[in-house]
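J.: Below you'll find entry.cif; it's mmCIF, C-alpha atoms.
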data_run
#
loop_
_atom_site.label_atom_id
_atom_site.label_comp_id
_atom_site.auth_asym_id
_atom_site.auth_seq_id
_atom_site.Cartn_x
_atom_site.Cartn_y
_atom_site.Cartn_z
CA MET A 1 49.74 -53.30 -20.83
CA THR A 2 46.10 -54.28 -21.00
CA GLY A 3 43.04 -52.33 -22.06
CA GLY A 4 39.84 -51.99 -20.15
CA VAL A 5 37.90 -49.91 -17.68
CA VAL A 6 38.51 -49.06 -14.04
CA PHE A 7 35.49 -48.18 -11.94
CA ARG A 8 34.72 -47.49 -8.31
CA VAL A 9 32.13 -49.25 -6.20
CA ALA A 10 31.79 -47.62 -2.78
CA ASP A 11 35.48 -47.00 -1.95
CA ALA A 12 36.92 -49.93 -3.87
CA LEU A 13 38.38 -49.86 -7.38
CA PHE A 14 37.72 -52.65 -9.86
CA PHE A 15 38.92 -53.45 -13.36
CA LEU A 16 37.19 -55.06 -16.31
CA PRO A 17 39.08 -55.85 -19.52
CA ALA A 18 37.87 -54.39 -22.80
CA THR A 19 36.94 -57.88 -23.91
CA VAL A 20 34.24 -57.97 -21.24
CA ALA A 21 33.33 -54.29 -20.89
CA ARG A 22 31.50 -53.42 -24.05
CA LYS A 23 30.19 -49.93 -23.63
CA VAL A 24 29.31 -47.18 -21.17
CA LEU A 25 25.78 -45.86 -21.59
CA PRO A 26 23.53 -43.50 -19.70
CA MET A 27 21.03 -45.20 -17.42
CA PRO A 28 17.99 -46.21 -19.51
CA ASP A 29 14.42 -46.69 -18.31
CA VAL A 30 14.44 -49.86 -16.27
CA ALA A 31 11.44 -52.13 -15.79
CA ARG A 32 11.35 -53.55 -12.28
CA VAL A 33 10.89 -57.27 -11.87
CA PRO A 34 8.51 -58.23 -9.03
CA GLY A 35 10.08 -60.61 -6.53
CA ALA A 36 13.56 -60.13 -7.93
CA PRO A 37 16.54 -60.02 -5.55
CA GLU A 38 17.49 -56.58 -4.35
CA ASP A 39 20.61 -56.44 -6.55
CA LEU A 40 18.57 -56.84 -9.71
CA VAL A 41 17.34 -53.36 -10.50
CA GLY A 42 15.26 -54.69 -13.40
CA ILE A 43 15.50 -55.24 -17.09
CA ALA A 44 16.17 -52.68 -19.79
CA LEU A 45 16.21 -52.46 -23.55
CA VAL A 46 19.82 -51.82 -24.56
CA GLU A 47 20.45 -51.45 -28.29
CA GLY A 48 17.59 -53.81 -29.17
CA GLU A 49 18.46 -56.41 -26.54
CA ILE A 50 16.74 -57.09 -23.21
CA VAL A 51 19.45 -56.93 -20.58
CA PRO A 52 19.33 -57.50 -16.81
CA VAL A 53 20.47 -54.41 -14.90
CA VAL A 54 22.34 -55.21 -11.72
CA ALA A 55 23.33 -52.75 -9.00
CA VAL A 56 26.84 -53.44 -7.80
CA GLY A 57 26.81 -50.48 -5.40
CA GLU A 58 24.40 -48.02 -3.85
CA LEU A 59 21.89 -46.90 -6.42
CA GLU A 60 19.38 -44.23 -5.63
CA ARG A 61 16.09 -45.00 -7.30
CA ARG A 62 16.06 -41.57 -8.82
CA ALA A 63 13.06 -41.97 -11.08
CA GLU A 64 10.83 -42.42 -8.04
CA ARG A 65 12.28 -39.41 -6.23
CA ARG A 66 12.54 -36.98 -9.09
CA PRO A 67 9.79 -34.39 -9.38
CA LYS A 68 7.49 -34.77 -12.37
CA SER A 69 8.94 -31.65 -14.02
CA ASP A 70 12.40 -33.26 -13.94
CA ARG A 71 11.41 -36.65 -15.34
CA SER A 72 11.93 -35.61 -18.94
CA ARG A 73 15.66 -35.26 -18.23
CA VAL A 74 17.99 -38.05 -19.19
CA ASP A 75 19.46 -40.08 -16.34
CA ASN A 76 23.16 -39.67 -17.00
CA ARG A 77 24.40 -42.04 -14.34
CA PRO A 78 26.74 -44.49 -16.10
CA MET A 79 25.74 -48.03 -16.90
CA LEU A 80 28.50 -50.43 -17.89
CA VAL A 81 27.33 -53.00 -20.42
CA CYS A 82 29.33 -56.23 -20.24
CA SER A 83 29.39 -59.43 -22.28
CA TYR A 84 30.51 -62.62 -20.67
CA LEU A 85 30.30 -66.07 -22.21
CA GLY A 86 27.75 -64.87 -24.73
CA GLU A 87 25.48 -63.25 -22.16
CA THR A 88 25.00 -59.56 -21.67
CA ILE A 89 24.60 -57.84 -18.32
CA ALA A 90 24.52 -54.16 -17.34
CA LEU A 91 26.15 -52.92 -14.15
CA VAL A 92 24.96 -49.76 -12.39
CA GLY A 93 25.73 -48.05 -9.08
CA LEU A 94 29.35 -47.50 -10.04
CA ASP A 95 31.55 -44.49 -10.83
CA MET A 96 33.69 -44.67 -13.92
CA VAL A 97 37.33 -43.85 -13.20
CA VAL A 98 39.21 -44.43 -16.43
CA THR A 99 39.13 -46.30 -19.71
CA GLY A 100 42.05 -47.23 -21.94
CA HIS A 101 45.31 -49.05 -21.55
CA LEU A 102 46.51 -49.76 -18.04
CA ASP A 103 49.69 -51.19 -16.66
CA GLY A 104 50.02 -54.93 -17.34
CA LEU A 105 47.89 -57.59 -15.87
CA GLU A 106 49.58 -59.27 -12.90
CA GLY A 107 47.58 -62.27 -11.83
CA ASN A 108 44.09 -60.98 -11.17
CA ARG A 109 44.88 -57.27 -10.97
CA VAL A 110 46.12 -54.24 -12.88
CA THR A 111 47.83 -51.12 -11.63
CA HIS A 112 46.25 -47.70 -11.89
CA GLU A 113 48.18 -44.70 -10.58
CA GLY A 114 50.24 -46.95 -8.38
CA VAL A 115 47.21 -48.72 -6.91
CA HIS A 116 46.57 -52.43 -7.51
CA VAL A 117 43.10 -52.87 -8.91
CA PRO A 118 41.46 -56.33 -8.80
CA ILE A 119 39.37 -57.70 -11.66
CA PHE A 120 35.65 -57.47 -11.07
CA ASP A 121 33.93 -60.83 -10.74
CA VAL A 122 31.28 -60.66 -13.48
CA ALA A 123 30.93 -64.45 -13.47
CA GLY A 124 30.00 -64.31 -9.78
CA VAL A 125 27.32 -61.72 -10.41
CA MET A 126 25.87 -63.78 -13.25
CA SER A 127 25.81 -66.98 -11.24
CA ARG A 128 24.09 -65.17 -8.33
CA LEU A 129 21.46 -64.01 -10.78
CA ARG A 130 20.94 -67.50 -12.10
CA GLU A 131 20.73 -68.98 -8.63
CA GLY A 132 18.23 -66.37 -7.47
CA ARG A 133 14.74 -67.75 -6.79
CA TRP A 134 13.12 -64.71 -8.37
CA ALA A 135 13.12 -66.40 -11.77
CA VAL A 136 11.11 -69.42 -10.56
CA MET B 1 -3.13 39.36 4.65
CA ALA B 2 -3.82 42.19 2.14
CA ALA B 3 -2.75 45.72 3.09
CA PRO B 4 -5.68 47.71 4.49
CA THR B 5 -7.06 50.37 2.17
CA ASP B 6 -7.71 54.01 3.19
CA SER B 7 -11.40 53.35 3.73
CA SER B 8 -10.71 50.33 5.89
CA LYS B 9 -8.20 52.37 7.88
CA ARG B 10 -10.86 55.02 8.52
CA ARG B 11 -13.32 52.29 9.51
CA VAL B 12 -10.82 50.94 12.02
CA PHE B 13 -10.18 54.33 13.54
CA ARG B 14 -13.90 55.11 13.74
CA LEU B 15 -14.46 51.81 15.48
CA LEU B 16 -11.60 52.43 17.89
CA ARG B 17 -12.88 55.93 18.72
CA ARG B 18 -16.45 54.72 19.16
CA ARG B 19 -15.37 51.93 21.48
CA ALA B 20 -13.09 54.29 23.38
CA VAL B 21 -15.90 56.81 23.90
CA THR B 22 -18.80 54.43 24.59
CA GLY B 23 -17.28 51.32 26.11
CA GLY B 24 -14.19 52.47 27.94
CA PRO B 25 -11.10 50.25 28.38
CA ALA B 26 -13.09 47.01 28.73
CA SER B 27 -14.75 47.59 25.37
CA GLY B 28 -11.34 48.26 23.79
CA ARG B 29 -10.04 45.01 25.18
CA SER B 30 -13.04 43.21 23.70
CA THR B 31 -12.30 44.68 20.27
CA VAL B 32 -8.70 43.58 20.52
CA GLU B 33 -9.82 40.09 21.61
CA GLU B 34 -12.20 39.89 18.65
CA GLY B 35 -9.40 40.89 16.34
CA ALA B 36 -7.14 38.24 17.84
CA LEU B 37 -9.97 35.70 17.50
CA TRP B 38 -10.49 36.48 13.84
CA SER B 39 -6.74 36.35 13.20
CA ALA B 40 -6.58 32.94 14.88
CA HIS B 41 -9.58 31.87 12.82
CA GLN B 42 -7.86 32.91 9.63
CA ARG B 43 -4.62 31.16 10.62
CA ALA B 44 -6.59 28.00 11.37
CA ALA B 45 -8.39 28.24 8.01
CA VAL B 46 -5.08 28.64 6.17
CA ALA B 47 -3.53 25.72 8.10
CA VAL B 48 -6.49 23.46 7.42
CA ARG B 49 -6.46 24.31 3.71
CA TYR B 50 -2.72 23.63 3.62
CA SER B 51 -3.13 20.26 5.37
CA GLY B 52 -5.89 19.33 2.89
CA GLU B 53 -3.65 20.20 -0.05
CA SER B 54 -0.78 18.25 1.56
CA ALA B 55 -3.05 15.23 1.97
CA GLN B 56 -3.96 15.43 -1.71
CA ARG B 57 -0.30 15.62 -2.66
CA MET B 58 0.45 12.62 -0.38
CA ALA B 59 -2.33 10.64 -2.05
CA SER B 60 -0.96 11.56 -5.46
CA HIS B 61 2.61 10.53 -4.48
CA SER B 62 1.28 7.29 -2.97
CA ALA B 63 -0.47 6.45 -6.23
CA LYS B 64 2.80 7.05 -8.12
CA GLN B 65 4.73 4.94 -5.61
CA ARG B 66 2.20 2.14 -5.91
CA GLY B 67 2.64 2.20 -9.69
CA THR B 68 6.42 2.10 -9.33
CA VAL B 69 6.31 -0.76 -6.81
CA GLU B 70 3.96 -2.76 -9.04
CA ALA B 71 6.25 -2.21 -12.02
CA LEU B 72 9.24 -3.34 -9.91
CA SER B 73 7.33 -6.37 -8.74
CA ASP B 74 6.47 -7.30 -12.34
CA ARG B 75 10.13 -6.90 -13.31
CA ALA B 76 11.27 -9.05 -10.39
CA ARG B 77 8.79 -11.77 -11.38
CA ALA B 78 9.97 -11.61 -15.00
CA VAL B 79 13.62 -11.88 -13.89
CA ALA B 80 12.73 -14.83 -11.61
CA ALA B 81 11.03 -16.55 -14.56
CA ARG B 82 14.13 -15.92 -16.70
CA ALA B 83 16.31 -17.33 -13.91
CA ARG B 84 14.17 -20.48 -13.85
CA ASP B 85 14.48 -20.79 -17.64
CA LEU B 86 18.24 -20.37 -17.38
CA GLU B 87 18.35 -22.99 -14.64
CA ALA B 88 16.60 -25.44 -16.95
CA GLY B 89 19.05 -24.46 -19.70
CA PHE B 90 22.01 -25.13 -17.43
CA ALA B 91 20.53 -28.48 -16.50
CA ARG B 92 20.53 -29.37 -20.20
CA VAL B 93 24.16 -28.20 -20.46
CA VAL B 94 25.06 -30.43 -17.48
CA ASP B 95 23.32 -33.34 -19.22
CA ALA B 96 25.24 -32.65 -22.41
CA PHE B 97 28.56 -32.59 -20.57
CA ALA B 98 27.68 -35.80 -18.75
CA ARG B 99 26.86 -37.43 -22.07
CA LEU B 100 30.16 -36.16 -23.46
CA GLU B 101 31.96 -37.78 -20.53
CA LEU B 102 30.31 -41.08 -21.38
CA VAL B 103 31.29 -40.68 -25.03
CA ALA B 104 34.90 -40.04 -23.97
CA LEU B 105 34.80 -43.16 -21.76
CA ASN B 106 33.58 -45.19 -24.70
CA VAL B 107 36.30 -43.77 -26.93
CA GLY B 108 38.80 -44.84 -24.28
CA LEU B 109 37.24 -48.30 -24.24
CA GLU B 110 37.45 -48.51 -28.03
CA ALA B 111 41.07 -47.44 -27.80
CA ALA B 112 41.66 -50.18 -25.24
CA ARG B 113 40.54 -52.74 -27.82
CA MET B 114 42.97 -51.43 -30.40
CA ALA B 115 46.67 -52.17 -30.61
CA GLU B 116 48.64 -50.23 -27.99
CA GLY B 117 50.63 -47.98 -30.33
CA ALA B 118 47.70 -46.93 -32.52
CA SER B 119 45.38 -46.27 -29.61
CA GLN B 120 47.65 -44.05 -27.56
CA ALA B 121 46.65 -40.77 -29.22
CA MET B 122 43.00 -41.78 -29.11
CA SER B 123 43.24 -42.53 -25.39
CA LEU B 124 44.91 -39.20 -24.70
CA VAL B 125 42.22 -37.30 -26.58
CA ALA B 126 39.49 -39.28 -24.83
CA ALA B 127 41.01 -38.53 -21.43
CA GLU B 128 41.37 -34.84 -22.26
CA VAL B 129 37.78 -34.63 -23.55
CA ARG B 130 36.53 -36.36 -20.43
CA GLU B 131 38.47 -33.99 -18.15
CA GLN B 132 37.19 -30.89 -19.97
CA ALA B 133 33.64 -32.25 -19.98
CA SER B 134 33.94 -32.89 -16.27
CA ARG B 135 35.12 -29.30 -15.69
CA GLY B 136 32.33 -27.91 -17.85
CA SER B 137 29.80 -30.01 -16.01
CA GLU B 138 31.07 -28.79 -12.64
CA ALA B 139 31.06 -25.14 -13.76
CA SER B 140 27.52 -25.51 -15.11
CA ARG B 141 26.37 -27.04 -11.81
CA GLU B 142 27.90 -24.10 -9.91
CA LEU B 143 26.19 -21.63 -12.23
CA SER B 144 22.94 -23.49 -11.81
CA THR B 145 23.29 -23.33 -8.02
CA THR B 146 24.06 -19.60 -8.19
CA LEU B 147 21.00 -19.09 -10.37
CA ALA B 148 18.88 -20.98 -7.88
CA GLU B 149 20.18 -18.67 -5.14
CA ILE B 150 19.37 -15.64 -7.29
CA GLY B 151 15.87 -17.05 -7.79
CA SER B 152 15.50 -17.40 -4.04
CA GLU B 153 16.73 -13.82 -3.49
CA LEU B 154 14.25 -12.62 -6.09
CA ALA B 155 11.46 -14.40 -4.28
CA GLN B 156 12.44 -12.51 -1.14
CA VAL B 157 12.56 -9.24 -3.12
CA ASN B 158 9.04 -9.98 -4.33
CA THR B 159 7.87 -10.59 -0.77
CA SER B 160 9.41 -7.28 0.32
CA LEU B 161 7.79 -5.50 -2.61
CA ASP B 162 4.43 -6.99 -1.69
CA ARG B 163 4.84 -5.65 1.85
CA THR B 164 5.88 -2.25 0.44
CA ARG B 165 2.79 -2.23 -1.77
CA GLU B 166 0.60 -2.91 1.25
CA SER B 167 2.32 -0.08 3.18
CA VAL B 168 1.84 2.33 0.27
CA ALA B 169 -1.84 1.37 0.08
CA GLU B 170 -2.16 2.07 3.82
CA VAL B 171 -0.44 5.46 3.40
CA ALA B 172 -2.87 6.28 0.58
CA GLN B 173 -5.79 5.37 2.81
CA GLU B 174 -4.42 7.49 5.65
CA ALA B 175 -3.88 10.41 3.25
CA ALA B 176 -7.50 10.07 2.11
CA ARG B 177 -8.62 10.11 5.75
CA VAL B 178 -6.49 13.21 6.46
CA GLY B 179 -7.97 14.87 3.35
CA GLY B 180 -11.49 14.09 4.55
CA ALA B 181 -10.74 15.36 8.04
CA SER B 182 -9.24 18.57 6.60
CA ALA B 183 -12.35 19.13 4.49
CA ASP B 184 -14.53 18.62 7.60
CA ALA B 185 -12.34 21.01 9.60
CA GLU B 186 -12.53 23.61 6.81
CA ARG B 187 -16.33 23.41 6.73
CA ALA B 188 -16.44 23.65 10.53
CA LEU B 189 -14.19 26.72 10.46
CA ILE B 190 -16.43 28.40 7.88
CA GLU B 191 -19.43 27.69 10.10
CA LEU B 192 -17.51 28.93 13.13
CA GLY B 193 -16.72 32.17 11.27
CA ASP B 194 -20.39 32.66 10.37
CA ARG B 195 -21.50 32.08 13.94
CA LEU B 196 -18.73 34.31 15.26
CA ARG B 197 -19.82 37.08 12.91
CA LYS B 198 -23.43 36.74 14.08
CA ALA B 199 -22.48 36.51 17.77
CA THR B 200 -20.11 39.48 17.84
CA GLY B 201 -21.51 41.53 14.97
CA SER B 202 -17.95 42.31 13.99
CA ASP B 203 -16.52 42.51 10.53
CA PRO B 204 -13.67 39.98 10.22
CA GLU B 205 -11.59 42.19 7.97
CA THR B 206 -11.86 45.17 10.34
CA ALA B 207 -11.24 43.00 13.37
CA ARG B 208 -8.12 41.53 11.80
CA ALA B 209 -6.95 45.03 10.83
CA ILE B 210 -7.41 46.12 14.44
CA ASP B 211 -5.44 43.10 15.61
CA GLU B 212 -2.68 43.98 13.19
CA ALA B 213 -2.74 47.65 14.24
CA THR B 214 -2.59 46.54 17.89
CA ASP B 215 0.45 44.42 17.14
CA HIS B 216 2.12 47.39 15.39
CA ALA B 217 1.26 49.69 18.30
CA ARG B 218 2.74 47.19 20.76
CA ALA B 219 5.84 46.94 18.61
CA LEU B 220 6.11 50.77 18.52
CA LEU B 221 5.81 50.95 22.30
CA ALA B 222 8.45 48.27 22.68
CA SER B 223 10.79 50.19 20.37
CA LEU B 224 10.22 53.40 22.28
CA GLY B 225 10.92 51.49 25.51
CA THR B 226 14.31 50.38 24.22
CA LEU B 227 15.12 53.95 23.14
CA SER B 228 14.17 55.35 26.53
CA GLY B 229 17.19 56.54 28.48
CA LYS B 230 19.56 56.01 25.56
CA VAL B 231 18.41 58.74 23.22
CA PRO B 232 17.40 62.25 24.33
CA GLN B 233 13.63 62.50 24.55
CA ALA B 234 13.55 65.71 22.51
CA LEU B 235 15.28 63.95 19.65
CA VAL B 236 12.80 61.07 19.75
CA VAL B 237 9.82 63.44 19.87
CA SER B 238 11.09 65.53 16.99
CA ALA B 239 11.69 62.42 14.93
CA LEU B 240 8.34 60.83 15.62
CA ARG B 241 6.17 63.97 15.66
CA PRO B 242 5.51 64.05 11.86
CA VAL B 243 4.24 60.47 12.02
CA LEU B 244 2.45 60.54 15.33
CA GLU B 245 0.63 63.85 14.98
CA PRO B 246 -1.75 62.65 12.21
CA LEU B 247 -2.31 59.48 14.20
CA SER B 248 -3.07 61.45 17.32
CA ARG B 249 -5.51 63.67 15.41
CA MET B 250 -7.23 60.59 13.95
CA LEU B 251 -7.59 59.01 17.38
CA ASP B 252 -8.90 62.28 18.85
CA GLY B 253 -11.48 62.55 16.08
CA ASP B 254 -10.07 65.64 14.38
CA ASP B 255 -10.10 64.05 10.99
CA ASP B 256 -13.08 64.30 8.73
CA ASP B 257 -15.36 61.65 10.21
CA GLN B 258 -17.83 61.96 7.40
CA SER B 259 -15.44 61.33 4.55
#
Can I see the file as structure tokens?
T.:
Amino acid sequence: MTGGVVFRVADALFFLPATVARKVLPMPDVARVPGAPEDLVGIALVEGEIVPVVAVGELERRAERRPKSDRSRVDNRPMLVCSYLGETIALVGLDMVVTGHLDGLEGNRVTHEGVHVPIFDVAGVMSRLREGRWAV
Amino acid sequence: MAAPTDSSKRRVFRLLRRRAVTGGPASGRSTVEEGALWSAHQRAAVAVRYSGESAQRMASHSAKQRGTVEALSDRARAVAARARDLEAGFARVVDAFARLELVALNVGLEAARMAEGASQAMSLVAAEVREQASRGSEASRELSTTLAEIGSELAQVNTSLDRTRESVAEVAQEAARVGGASADAERALIELGDRLRKATGSDPETARAIDEATDHARALLASLGTLSGKVPQALVVSALRPVLEPLSRMLDGDDDDQS
């Protein structure tokens, strides 16, 4: 068995091991970055660290749509904070399915309730961010 | 109408005799018509007074209704405000449950980092907490939706109450108009009575007494007509003689005219 988190993006399930998935937090205030690629929602202060926030699925920009009276409420949509090769990244636009121990890792997938769940490609997301021209 | 006194009775009979002697049948008809006119005048005066009093009562009831409707409207607004407060409260409950779900997910993640045997109980508790938090969140959302519907219904109730208040105000205005019209009609009837008294020279009380006496006489004749042919005439005459003889003497002028 292996421990980690299973989450859903659109209709697909993905897995991240507990060594990568650090924590699930509510969506913080995110500062938008002008000229950034569409996937990069912005940057946020997460436990004293500036972290890029990346949308891996559909993410309604709720703060812009919420009425003023509702803006004091906390945005409870989940944000998955991940660490990979010493870098931290936060993923949003996903639905958390389960955390804990799952049936053993077979190649690049685990099994959850009889369904094979592939490992999410965090490295790919990070490299896309690095390659993006927004940072120039 | 008050029962005629002895003196008024004598006045009526004197008037009837005088008219019968001086004016003939046409004059008698005129007296009867005057009596009927004064009776109609009195009925109209009573009806107008009654309608005026009714209008006042309507205005009074309308004022009470307006007060009740305004109190209801205030209550409905207060309940709507409470519903909005509750909605905000439920939103906070939903937030708390959502946060609890995240906490449970993190507990599960912590358990995933631990050794399999030690973390099993922790994972189970985390899963159970997350499921219950999810249920609580869903129930709170449903309650919040229901409260929003209640708020909407209350808004409609308030709209209906506003319309009712407008209707009550209109009824009060109409009642005031009816009261004013009744007062005008009453004044006009008083003036009509004065002019009638001057034009005919008749005394309203006497004229009404004559009208009443005429009605009684007609009723007596109708009764006698129904008895005719069924009861022997001698029996009828003997029964009525004690009553009719004084009346006959009064009409013929045998009574003391000077008394």
J.: For a quick check of your reading of the model, name the residues lying within 10 Å of the coordinate (47.9, -47.7, -13.8), counting all atoms listed in the file, and write them as a list in words.
T.: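 Using all atoms listed in the file, the matching residues come out as Met1, Thr2, Val6, Val98, His101, Leu102, Asp103, Gly104, Val110, Thr111, His112, Glu113, Gly114, Val115, His116 and Val117 of chain A.
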J.: Restrict the distance test to all atoms listed in the file, flag each residue of chain A within 7 Å of chain B, and return the flagged residues as a PyMOL selection string.
T.: chain A and resi 3-5+18+23-25+76+99-101
J.: What would the file look like if the residues just selected were written as an mmCIF file, in the frame of the given file with C-alpha atoms?
T.:
data_model
loop_
_atom_site.group_PDB
_atom_site.id
_atom_site.type_symbol
_atom_site.label_atom_id
_atom_site.label_comp_id
_atom_site.auth_asym_id
_atom_site.auth_seq_id
_atom_site.Cartn_x
_atom_site.Cartn_y
_atom_site.Cartn_z
ATOM 1 C CA GLY A 3 43.040 -52.330 -22.060
ATOM 2 C CA GLY A 4 39.840 -51.990 -20.150
ATOM 3 C CA VAL A 5 37.900 -49.910 -17.680
ATOM 4 C CA ALA A 18 37.870 -54.390 -22.800
ATOM 5 C CA LYS A 23 30.190 -49.930 -23.630
ATOM 6 C CA VAL A 24 29.310 -47.180 -21.170
ATOM 7 C CA LEU A 25 25.780 -45.860 -21.590
ATOM 8 C CA ASN A 76 23.160 -39.670 -17.000
ATOM 9 C CA THR A 99 39.130 -46.300 -19.710
ATOM 10 C CA GLY A 100 42.050 -47.230 -21.940
ATOM 11 C CA HIS A 101 45.310 -49.050 -21.550
#
J.: So that I can see what lies close to range 84-86 of chain B, please list as a list in words the residues with an atom at most 10 Å from it, counting all atoms listed in the file and leaving out residues fewer than 5 positions away in the same chain.
T.: Ala78, Val79, Ala91, Arg92, Leu143, Ser144, Leu147, Ala148, Ile150 and Gly151 of chain B
J.: Run the PyMOL selection byres ((chain B and resi 176-192) around 8) on the file and write out the hits as a PDB file with C-alpha atoms, keeping the file's coordinate frame.
T.:
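In the end it all went to result.pdb:
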ATOM      1  CA  HIS B  41      -9.580  31.870  12.820  1.00  0.00           C
ATOM      2  CA  ALA B  44      -6.590  28.000  11.370  1.00  0.00           C
ATOM      3  CA  ALA B  45      -8.390  28.240   8.010  1.00  0.00           C
ATOM      4  CA  VAL B  48      -6.490  23.460   7.420  1.00  0.00           C
ATOM      5  CA  ARG B  49      -6.460  24.310   3.710  1.00  0.00           C
ATOM      6  CA  SER B  51      -3.130  20.260   5.370  1.00  0.00           C
ATOM      7  CA  GLY B  52      -5.890  19.330   2.890  1.00  0.00           C
ATOM      8  CA  GLU B  53      -3.650  20.200  -0.050  1.00  0.00           C
ATOM      9  CA  ALA B  55      -3.050  15.230   1.970  1.00  0.00           C
ATOM     10  CA  GLN B  56      -3.960  15.430  -1.710  1.00  0.00           C
ATOM     11  CA  ALA B  59      -2.330  10.640  -2.050  1.00  0.00           C
ATOM     12  CA  ALA B 172      -2.870   6.280   0.580  1.00  0.00           C
ATOM     13  CA  GLN B 173      -5.790   5.370   2.810  1.00  0.00           C
ATOM     14  CA  GLU B 174      -4.420   7.490   5.650  1.00  0.00           C
ATOM     15  CA  ALA B 175      -3.880  10.410   3.250  1.00  0.00           C
ATOM     16  CA  GLY B 193     -16.720  32.170  11.270  1.00  0.00           C
ATOM     17  CA  ASP B 194     -20.390  32.660  10.370  1.00  0.00           C
ATOM     18  CA  ARG B 195     -21.500  32.080  13.940  1.00  0.00           C
ATOM     19  CA  LEU B 196     -18.730  34.310  15.260  1.00  0.00           C
TER      20      LEU B 196
END
J.: Write out as a list in words each polymer residue whose atoms come within 7 Å of Ala90 in chain A, counting all atoms listed in the file; drop sequence neighbours fewer than 3 positions from it.
T.: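 Non-adjacent residues within range: Val51, Pro52, Val53, Val54, Met79, Leu80, Val81 and Cys82 of chain A.
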J.: Take CA of Gly89 in chain B and CA of Val46 in chain A and report the distance between them in Å, one decimal.
T.: 27.8 Å
J.: Using only C-alpha atoms, which of the listed residues (A:Ala12, A:Leu94, A:Val30, A:Leu105) sits closest to Leu45 in chain A?
T.: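 Looking at the shortest contact to Leu45 in chain A, the residue is A:Val30.
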J.: Using Å and a single decimal, report how far CA of Ala207 in chain B sits from CA of Thr31 in chain B.
T.: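 Here the two named atoms are 7.2 Å from each other.
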J.: If you measure from CA of Ser202 in chain B to CA of Val243 in chain B, what distance in Å do you get, rounded to one decimal?
T.: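 According to the coordinates, CA of Ser202 in chain B and CA of Val243 in chain B are separated by 28.7 Å.
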J.: List the neighbours of range 152-161 of chain B out to 8 Å using all atoms listed in the file; skip same-chain residues closer than 6 positions along the sequence, and give me the result as a list of chain:residue names.
T.: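 Counting all atoms listed in the file, the residues come to B:Val69, B:Glu70, B:Leu72, B:Ser73, B:Ala76, B:Arg77, B:Val79, B:Ala80.
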J.: Hey, what's within 12 Å of Val41 in chain A if we count all atoms listed in the file and toss same-chain stuff fewer than 6 positions away? As a list of chain:residue names, please?
T.: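 Counting only the stated atoms, we get A:Met27, A:Pro28, A:Asp29, A:Val30, A:Ala31, A:Arg32, A:Val33, A:Pro34, A:Gly35, A:Val51, A:Pro52, A:Val53, A:Val54, A:Ala55, A:Val56, A:Gly57, A:Glu58, A:Leu59, A:Glu60, A:Arg61, A:Arg62, A:Met79, A:Ile89, A:Ala90, A:Leu91, A:Val92, A:Gly93, A:Leu129.
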